[in-house]
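Shown here: query.txt, compact mmCIF, C-alpha atoms and all ligand atoms.
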# COMPACT_ATOMS: atom_id res chain seq x y z
CA MET A 1 -5.86 -2.58 -11.38
CA ILE A 2 -8.78 -5.01 -11.43
CA GLU A 3 -11.64 -3.44 -13.38
CA ARG A 4 -15.08 -4.45 -14.59
CA THR A 5 -16.40 -3.43 -18.01
CA LEU A 6 -19.54 -3.98 -20.06
CA SER A 7 -19.35 -6.14 -23.16
CA ILE A 8 -22.14 -6.68 -25.68
CA ILE A 9 -22.15 -9.30 -28.42
CA LYS A 10 -24.33 -7.40 -30.87
CA PRO A 11 -27.17 -8.95 -32.92
CA ASP A 12 -24.85 -9.66 -35.89
CA GLY A 13 -22.50 -11.68 -33.65
CA VAL A 14 -25.38 -13.71 -32.19
CA LYS A 15 -26.81 -14.42 -35.69
CA LYS A 16 -23.37 -15.55 -36.90
CA LYS A 17 -23.23 -18.12 -34.05
CA ILE A 18 -19.91 -16.85 -32.76
CA ILE A 19 -20.94 -16.25 -29.14
CA GLY A 20 -18.66 -19.11 -28.05
CA ASP A 21 -15.71 -17.90 -30.08
CA ILE A 22 -16.01 -14.36 -28.72
CA ILE A 23 -16.31 -15.46 -25.09
CA GLY A 24 -13.35 -17.81 -25.68
CA ARG A 25 -11.26 -14.87 -26.88
CA PHE A 26 -12.14 -12.93 -23.72
CA GLU A 27 -11.35 -15.85 -21.42
CA LYS A 28 -8.08 -16.68 -23.18
CA GLY A 29 -7.24 -12.97 -23.12
CA GLY A 30 -7.39 -12.83 -19.33
CA LEU A 31 -10.95 -11.59 -18.87
CA LYS A 32 -13.49 -13.34 -16.65
CA VAL A 33 -17.26 -13.29 -17.28
CA VAL A 34 -18.80 -12.20 -13.97
CA ALA A 35 -22.34 -11.46 -15.24
CA MET A 36 -24.13 -12.55 -18.41
CA ARG A 37 -27.59 -12.47 -20.03
CA MET A 38 -29.20 -12.60 -23.47
CA VAL A 39 -31.43 -9.60 -24.22
CA HIS A 40 -33.52 -8.47 -27.16
CA MET A 41 -33.48 -4.72 -26.56
CA SER A 42 -36.50 -2.65 -27.47
CA LYS A 43 -35.84 0.45 -29.56
CA ARG A 44 -36.30 2.50 -26.37
CA GLU A 45 -33.83 0.37 -24.41
CA ALA A 46 -31.26 0.72 -27.21
CA GLU A 47 -31.87 4.49 -27.28
CA GLY A 48 -31.33 4.65 -23.52
CA PHE A 49 -28.13 2.66 -23.73
CA TYR A 50 -26.70 4.86 -26.49
CA ALA A 51 -28.13 8.14 -25.13
CA VAL A 52 -24.68 9.79 -25.29
CA HIS A 53 -24.91 9.48 -29.09
CA LYS A 54 -28.43 10.94 -29.38
CA ASP A 55 -27.31 13.90 -31.48
CA LYS A 56 -25.18 11.83 -33.87
CA PRO A 57 -26.40 11.20 -37.40
CA PHE A 58 -26.11 7.41 -36.89
CA TYR A 59 -28.21 7.28 -33.68
CA SER A 60 -31.47 6.15 -35.29
CA SER A 61 -29.86 3.52 -37.50
CA LEU A 62 -27.62 2.26 -34.66
CA THR A 63 -30.55 1.84 -32.26
CA ASP A 64 -32.60 0.10 -34.99
CA PHE A 65 -29.74 -2.34 -35.47
CA MET A 66 -29.20 -2.91 -31.74
CA SER A 67 -32.92 -3.70 -31.31
CA SER A 68 -33.07 -5.94 -34.41
CA GLY A 69 -32.39 -9.21 -32.59
CA PRO A 70 -31.00 -10.76 -29.42
CA ALA A 71 -27.65 -9.67 -28.03
CA VAL A 72 -25.50 -11.03 -25.21
CA VAL A 73 -24.64 -8.60 -22.43
CA MET A 74 -21.78 -9.41 -20.07
CA ILE A 75 -19.62 -7.88 -17.40
CA LEU A 76 -15.95 -8.77 -17.91
CA GLU A 77 -13.47 -8.54 -15.06
CA GLY A 78 -9.70 -8.46 -15.13
CA ASP A 79 -6.53 -6.46 -14.70
CA GLY A 80 -7.00 -3.39 -16.90
CA ALA A 81 -10.23 -4.95 -18.23
CA ILE A 82 -11.45 -1.83 -20.04
CA ALA A 83 -8.35 -1.46 -22.21
CA LYS A 84 -7.88 -5.22 -22.58
CA ASN A 85 -11.43 -5.62 -23.89
CA ARG A 86 -10.92 -2.76 -26.36
CA GLN A 87 -7.68 -4.36 -27.53
CA LEU A 88 -9.40 -7.71 -28.13
CA MET A 89 -12.28 -5.99 -29.97
CA GLY A 90 -10.12 -3.85 -32.29
CA ALA A 91 -11.00 -0.43 -33.75
CA THR A 92 -14.67 0.61 -34.07
CA ASP A 93 -14.41 0.46 -37.87
CA PRO A 94 -13.64 -3.18 -38.75
CA LYS A 95 -11.65 -1.99 -41.80
CA LYS A 96 -9.25 -0.24 -39.41
CA ALA A 97 -9.14 -2.99 -36.79
CA ASP A 98 -5.84 -4.81 -36.24
CA ALA A 99 -5.54 -8.35 -37.60
CA GLY A 100 -6.50 -10.94 -35.01
CA THR A 101 -9.14 -8.78 -33.32
CA ILE A 102 -12.83 -9.64 -33.06
CA ARG A 103 -13.99 -6.77 -35.27
CA ALA A 104 -11.35 -7.52 -37.93
CA ALA A 105 -12.52 -11.14 -38.00
CA TYR A 106 -16.28 -10.60 -37.93
CA GLY A 107 -17.31 -6.94 -38.25
CA THR A 108 -19.28 -5.87 -41.32
CA SER A 109 -19.26 -2.06 -41.02
CA ILE A 110 -18.63 0.71 -38.52
CA GLU A 111 -22.20 0.18 -37.28
CA VAL A 112 -22.51 -3.61 -37.59
CA ASN A 113 -19.30 -4.23 -35.69
CA THR A 114 -20.11 -7.38 -33.65
CA VAL A 115 -19.14 -6.18 -30.15
CA HIS A 116 -19.41 -3.21 -27.86
CA GLY A 117 -17.13 -2.40 -24.93
CA SER A 118 -17.11 0.44 -22.41
CA ASP A 119 -14.50 3.08 -23.20
CA ALA A 120 -13.65 4.44 -19.72
CA PRO A 121 -14.23 3.72 -16.00
CA GLU A 122 -17.19 6.15 -15.84
CA THR A 123 -18.97 4.62 -18.83
CA ALA A 124 -18.19 1.12 -17.54
CA ALA A 125 -19.99 2.02 -14.29
CA THR A 126 -23.09 3.43 -15.99
CA GLU A 127 -23.22 0.77 -18.71
CA THR A 128 -22.89 -2.20 -16.34
CA ALA A 129 -25.61 -0.64 -14.14
CA TYR A 130 -27.89 -0.30 -17.19
CA PHE A 131 -28.12 -4.10 -17.50
CA PHE A 132 -27.12 -5.69 -14.19
CA SER A 133 -28.17 -5.35 -10.56
CA ASP A 134 -25.79 -6.20 -7.70
CA ILE A 135 -27.15 -9.74 -7.21
CA GLU A 136 -26.52 -10.56 -10.89
CA ARG A 137 -22.78 -9.86 -10.51
CA PHE A 138 -20.60 -12.71 -9.30
CA THR A 139 -17.19 -13.25 -7.80
CA TYR A 140 -15.19 -16.45 -8.38
P1 LIG A 201 -19.94 0.88 -30.07
O1 LIG A 201 -18.65 0.48 -29.46
O2 LIG A 201 -21.13 0.04 -29.76
O3 LIG A 201 -20.27 2.39 -29.63
C1 LIG A 201 -21.06 3.26 -30.40
C2 LIG A 201 -21.42 2.66 -31.72
O4 LIG A 201 -21.87 3.56 -32.67
C3 LIG A 201 -20.18 2.05 -32.33
O5 LIG A 201 -19.78 0.91 -31.64
C4 LIG A 201 -20.65 1.82 -33.75
O6 LIG A 201 -21.40 0.64 -33.88
C5 LIG A 201 -21.56 3.02 -33.94
N1 LIG A 201 -20.87 4.05 -34.71
C6 LIG A 201 -19.83 4.80 -34.36
N2 LIG A 201 -19.49 5.65 -35.34
C7 LIG A 201 -20.36 5.42 -36.33
C8 LIG A 201 -20.55 5.98 -37.63
N3 LIG A 201 -19.75 6.95 -38.09
N4 LIG A 201 -21.55 5.49 -38.39
C9 LIG A 201 -22.36 4.51 -37.92
N5 LIG A 201 -22.24 3.95 -36.69
C10 LIG A 201 -21.25 4.39 -35.93

In structure tokens, write the structure found in this file.
Amino acid sequence: MIERTLSIIKPDGVKKKIIGDIIGRFEKGGLKVVAMRMVHMSKREAEGFYAVHKDKPFYSSLTDFMSSGPAVVMILEGDGAIAKNRQLMGATDPKKADAGTIRAAYGTSIEVNTVHGSDAPETAATETAYFFSDIERFTY
């Protein structure tokens, strides 16, 4: 089934100058970029994005990190895009990520883990809507 999912290249990925490599992995992996923008989230915007984690002990540190520099937000489209993106990213903790995945290659810690991807159709819908309006989403 063709799906759309939110992807974020986090501030560590942007600072490492691996935007091109990461997008290349998505494109070679069968995912198409159908919306894209660079954003420097405010602390409040990061808190809104990660609101589901507001009671977690890492919420404050995670939202500090996500608002520490520019990030690239994208919508990726493809057959089974949500799972495919998660496969290409690897496990949340880079130490546990399979060899060949983005987080295994570039992640620093469970928090500074280079990329974010939606985990289910419902979160993909809310997360893509958080950053993109209808006219910013393309078909090609
Ligand atoms: P992400 O896919 O962006 O979704 C939630 C983020 O919270 C996750 O990646 C990690 O960056 C972060 N996270 C999850 N678990 C922990 C943890 N135990 N400690 C610190 N950060 C975490």

Next item on the list: In Å, rounded to a single decimal, give me how far CA of Gly48 in chain A is from CA of Thr126 in chain A.
Entry: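 Taking CA of Thr126 in chain A and CA of Gly48 in chain A, their separation equals 11.2 Å.
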
Next item on the list: Please provide the set of residues having any atom within 9 Å of range 133-136 of chain A, restricted to all atoms listed in the file, with same-chain residues fewer than 3 positions apart removed, written as a ChimeraX atom specification.
Entry: /A:34-36,128-130

Notebook entry, point to check: Within 7 Å of range 28-32 of chain A, counting only C-alpha atoms, which residues qualify if same-chain residues fewer than 6 places away don't, as a VMD selection string?
Noted result: chain A and resid 76 to 78 81

Check: Separation of CA of Asp12 in chain A and CA of Glu111 in chain A, in Å?
Finding: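 The value is 10.3 Å.
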
Next item on the list: Quick one: pull the distance between CA of Ser61 in chain A and CA of Val39 in chain A, Å, one decimal.
Entry: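 Value for the CA of Ser61 in chain A-CA of Val39 in chain A distance: 18.7 Å.
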
Check: Between A:Leu6, A:Ile23, A:Met74, A:Val112, which is the closest to ligand LIG 201 (chain A) once you count all atoms listed in the file?
Finding: A:Val112

Next item on the list: Can you tell me which residues come within 10 Å of ligand LIG 201 (chain A) when counting only C-alpha atoms and all ligand atoms, ideally as an MDAnalysis selection string?
Entry: chainID A and resid 7:10 49:50 52:53 56:63 65:66 86 89:94 107 109:119

Export C-alpha atoms of the chosen residues as a compact mmCIF listing (two decimals), in the coordinates of the input?
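Contents of part.txt, freshly written:
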# COMPACT_ATOMS: atom_id res chain seq x y z
CA SER A 7 -19.35 -6.14 -23.16
CA ILE A 8 -22.14 -6.68 -25.68
CA ILE A 9 -22.15 -9.30 -28.42
CA LYS A 10 -24.33 -7.40 -30.87
CA PHE A 49 -28.13 2.66 -23.73
CA TYR A 50 -26.70 4.86 -26.49
CA VAL A 52 -24.68 9.79 -25.29
CA HIS A 53 -24.91 9.48 -29.09
CA LYS A 56 -25.18 11.83 -33.87
CA PRO A 57 -26.40 11.20 -37.40
CA PHE A 58 -26.11 7.41 -36.89
CA TYR A 59 -28.21 7.28 -33.68
CA SER A 60 -31.47 6.15 -35.29
CA SER A 61 -29.86 3.52 -37.50
CA LEU A 62 -27.62 2.26 -34.66
CA THR A 63 -30.55 1.84 -32.26
CA PHE A 65 -29.74 -2.34 -35.47
CA MET A 66 -29.20 -2.91 -31.74
CA ARG A 86 -10.92 -2.76 -26.36
CA MET A 89 -12.28 -5.99 -29.97
CA GLY A 90 -10.12 -3.85 -32.29
CA ALA A 91 -11.00 -0.43 -33.75
CA THR A 92 -14.67 0.61 -34.07
CA ASP A 93 -14.41 0.46 -37.87
CA PRO A 94 -13.64 -3.18 -38.75
CA GLY A 107 -17.31 -6.94 -38.25
CA SER A 109 -19.26 -2.06 -41.02
CA ILE A 110 -18.63 0.71 -38.52
CA GLU A 111 -22.20 0.18 -37.28
CA VAL A 112 -22.51 -3.61 -37.59
CA ASN A 113 -19.30 -4.23 -35.69
CA THR A 114 -20.11 -7.38 -33.65
CA VAL A 115 -19.14 -6.18 -30.15
CA HIS A 116 -19.41 -3.21 -27.86
CA GLY A 117 -17.13 -2.40 -24.93
CA SER A 118 -17.11 0.44 -22.41
CA ASP A 119 -14.50 3.08 -23.20

Next item on the list: Point out the residue among A:Ile75, A:Val14, A:Ala104, A:Ser42 with the least atom-to-atom distance to Thr139 in chain A, counting only C-alpha atoms.
Entry: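 Using only C-alpha atoms, the shortest distance to Thr139 in chain A belongs to A:Ile75.
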
Notebook entry, point to check: Given the choices A:Ile2, A:Ala71, A:Met41, A:Val33, which gets closest to Ile19 in chain A if the distance is worked out from only C-alpha atoms?
Noted result: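 For Ile19 in chain A, the nearest of the candidates is A:Ala71.
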
Using 4 Å of padding on each side, determine the axis-aligned box around all atoms of range 73-76 of chain A present in the file and give its centre and edge lengths in Å to one decimal, as lines of an AutoDock Vina configuration file.
center_x = -20.3
center_y = -8.6
center_z = -19.9
size_x = 16.7
size_y = 9.5
size_z = 13.0

Next item on the list: Check the smallest atom-to-atom distance from each of A:Ala51, A:Ala99, A:Ala125, A:Ala105 to Ile82 in chain A using all atoms listed in the file, then report the winner.
Entry: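 Comparing A:Ala51, A:Ala99, A:Ala125, A:Ala105 against Ile82 in chain A, the winner is A:Ala125.
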
Note to self: So, with only C-alpha atoms as the atoms that count, which of A:Lys17, A:Arg4, A:Arg37, A:Ser68 lies closest to Phe132 in chain A?
What the structure shows: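 Checking each candidate against Phe132 in chain A, we get A:Arg37 as the closest.
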
Notebook entry, point to check: From the list A:Lys95, A:Lys54, A:Arg103, A:His40, which residue is nearest Gly69 in chain A when using only C-alpha atoms?
Noted result: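 Nearest candidate to Gly69 in chain A out of A:Lys95, A:Lys54, A:Arg103, A:His40: A:His40.
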
Range 29-46 of chain A rebuilt with N, CA and C atoms, output as a short mmCIF file (atom, residue, chain, number, x, y, z; two decimals), keeping the file's coordinate frame:
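Final file, selection_5.cif:
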data_model
loop_
_atom_site.label_atom_id
_atom_site.label_comp_id
_atom_site.auth_asym_id
_atom_site.auth_seq_id
_atom_site.Cartn_x
_atom_site.Cartn_y
_atom_site.Cartn_z
N GLY A 29 -7.92 -14.26 -23.23
CA GLY A 29 -7.24 -12.97 -23.12
C GLY A 29 -7.13 -12.45 -21.71
N GLY A 30 -7.56 -13.23 -20.74
CA GLY A 30 -7.39 -12.83 -19.33
C GLY A 30 -8.59 -12.13 -18.73
N LEU A 31 -9.74 -12.21 -19.41
CA LEU A 31 -10.95 -11.59 -18.87
C LEU A 31 -11.92 -12.67 -18.38
N LYS A 32 -12.59 -12.37 -17.28
CA LYS A 32 -13.49 -13.34 -16.65
C LYS A 32 -14.92 -12.82 -16.77
N VAL A 33 -15.85 -13.69 -17.20
CA VAL A 33 -17.26 -13.29 -17.28
C VAL A 33 -17.86 -13.36 -15.88
N VAL A 34 -18.27 -12.21 -15.34
CA VAL A 34 -18.80 -12.20 -13.97
C VAL A 34 -20.30 -11.86 -13.92
N ALA A 35 -20.89 -11.63 -15.10
CA ALA A 35 -22.34 -11.46 -15.24
C ALA A 35 -22.65 -11.69 -16.71
N MET A 36 -23.82 -12.30 -17.00
CA MET A 36 -24.13 -12.55 -18.41
C MET A 36 -25.62 -12.79 -18.61
N ARG A 37 -26.18 -12.26 -19.71
CA ARG A 37 -27.59 -12.47 -20.03
C ARG A 37 -27.81 -12.21 -21.52
N MET A 38 -28.80 -12.92 -22.10
CA MET A 38 -29.20 -12.60 -23.47
C MET A 38 -30.38 -11.64 -23.41
N VAL A 39 -30.34 -10.59 -24.22
CA VAL A 39 -31.43 -9.60 -24.22
C VAL A 39 -31.79 -9.24 -25.66
N HIS A 40 -33.10 -9.08 -25.89
CA HIS A 40 -33.52 -8.47 -27.16
C HIS A 40 -34.01 -7.08 -26.79
N MET A 41 -33.15 -6.09 -26.97
CA MET A 41 -33.48 -4.72 -26.56
C MET A 41 -34.62 -4.17 -27.39
N SER A 42 -35.49 -3.43 -26.74
CA SER A 42 -36.50 -2.65 -27.47
C SER A 42 -35.77 -1.44 -28.06
N LYS A 43 -36.41 -0.77 -28.99
CA LYS A 43 -35.84 0.45 -29.56
C LYS A 43 -35.55 1.45 -28.42
N ARG A 44 -36.48 1.56 -27.49
CA ARG A 44 -36.30 2.50 -26.37
C ARG A 44 -35.13 2.12 -25.48
N GLU A 45 -34.97 0.82 -25.24
CA GLU A 45 -33.83 0.37 -24.41
C GLU A 45 -32.50 0.65 -25.13
N ALA A 46 -32.48 0.42 -26.45
CA ALA A 46 -31.26 0.72 -27.21
C ALA A 46 -30.98 2.22 -27.20
#
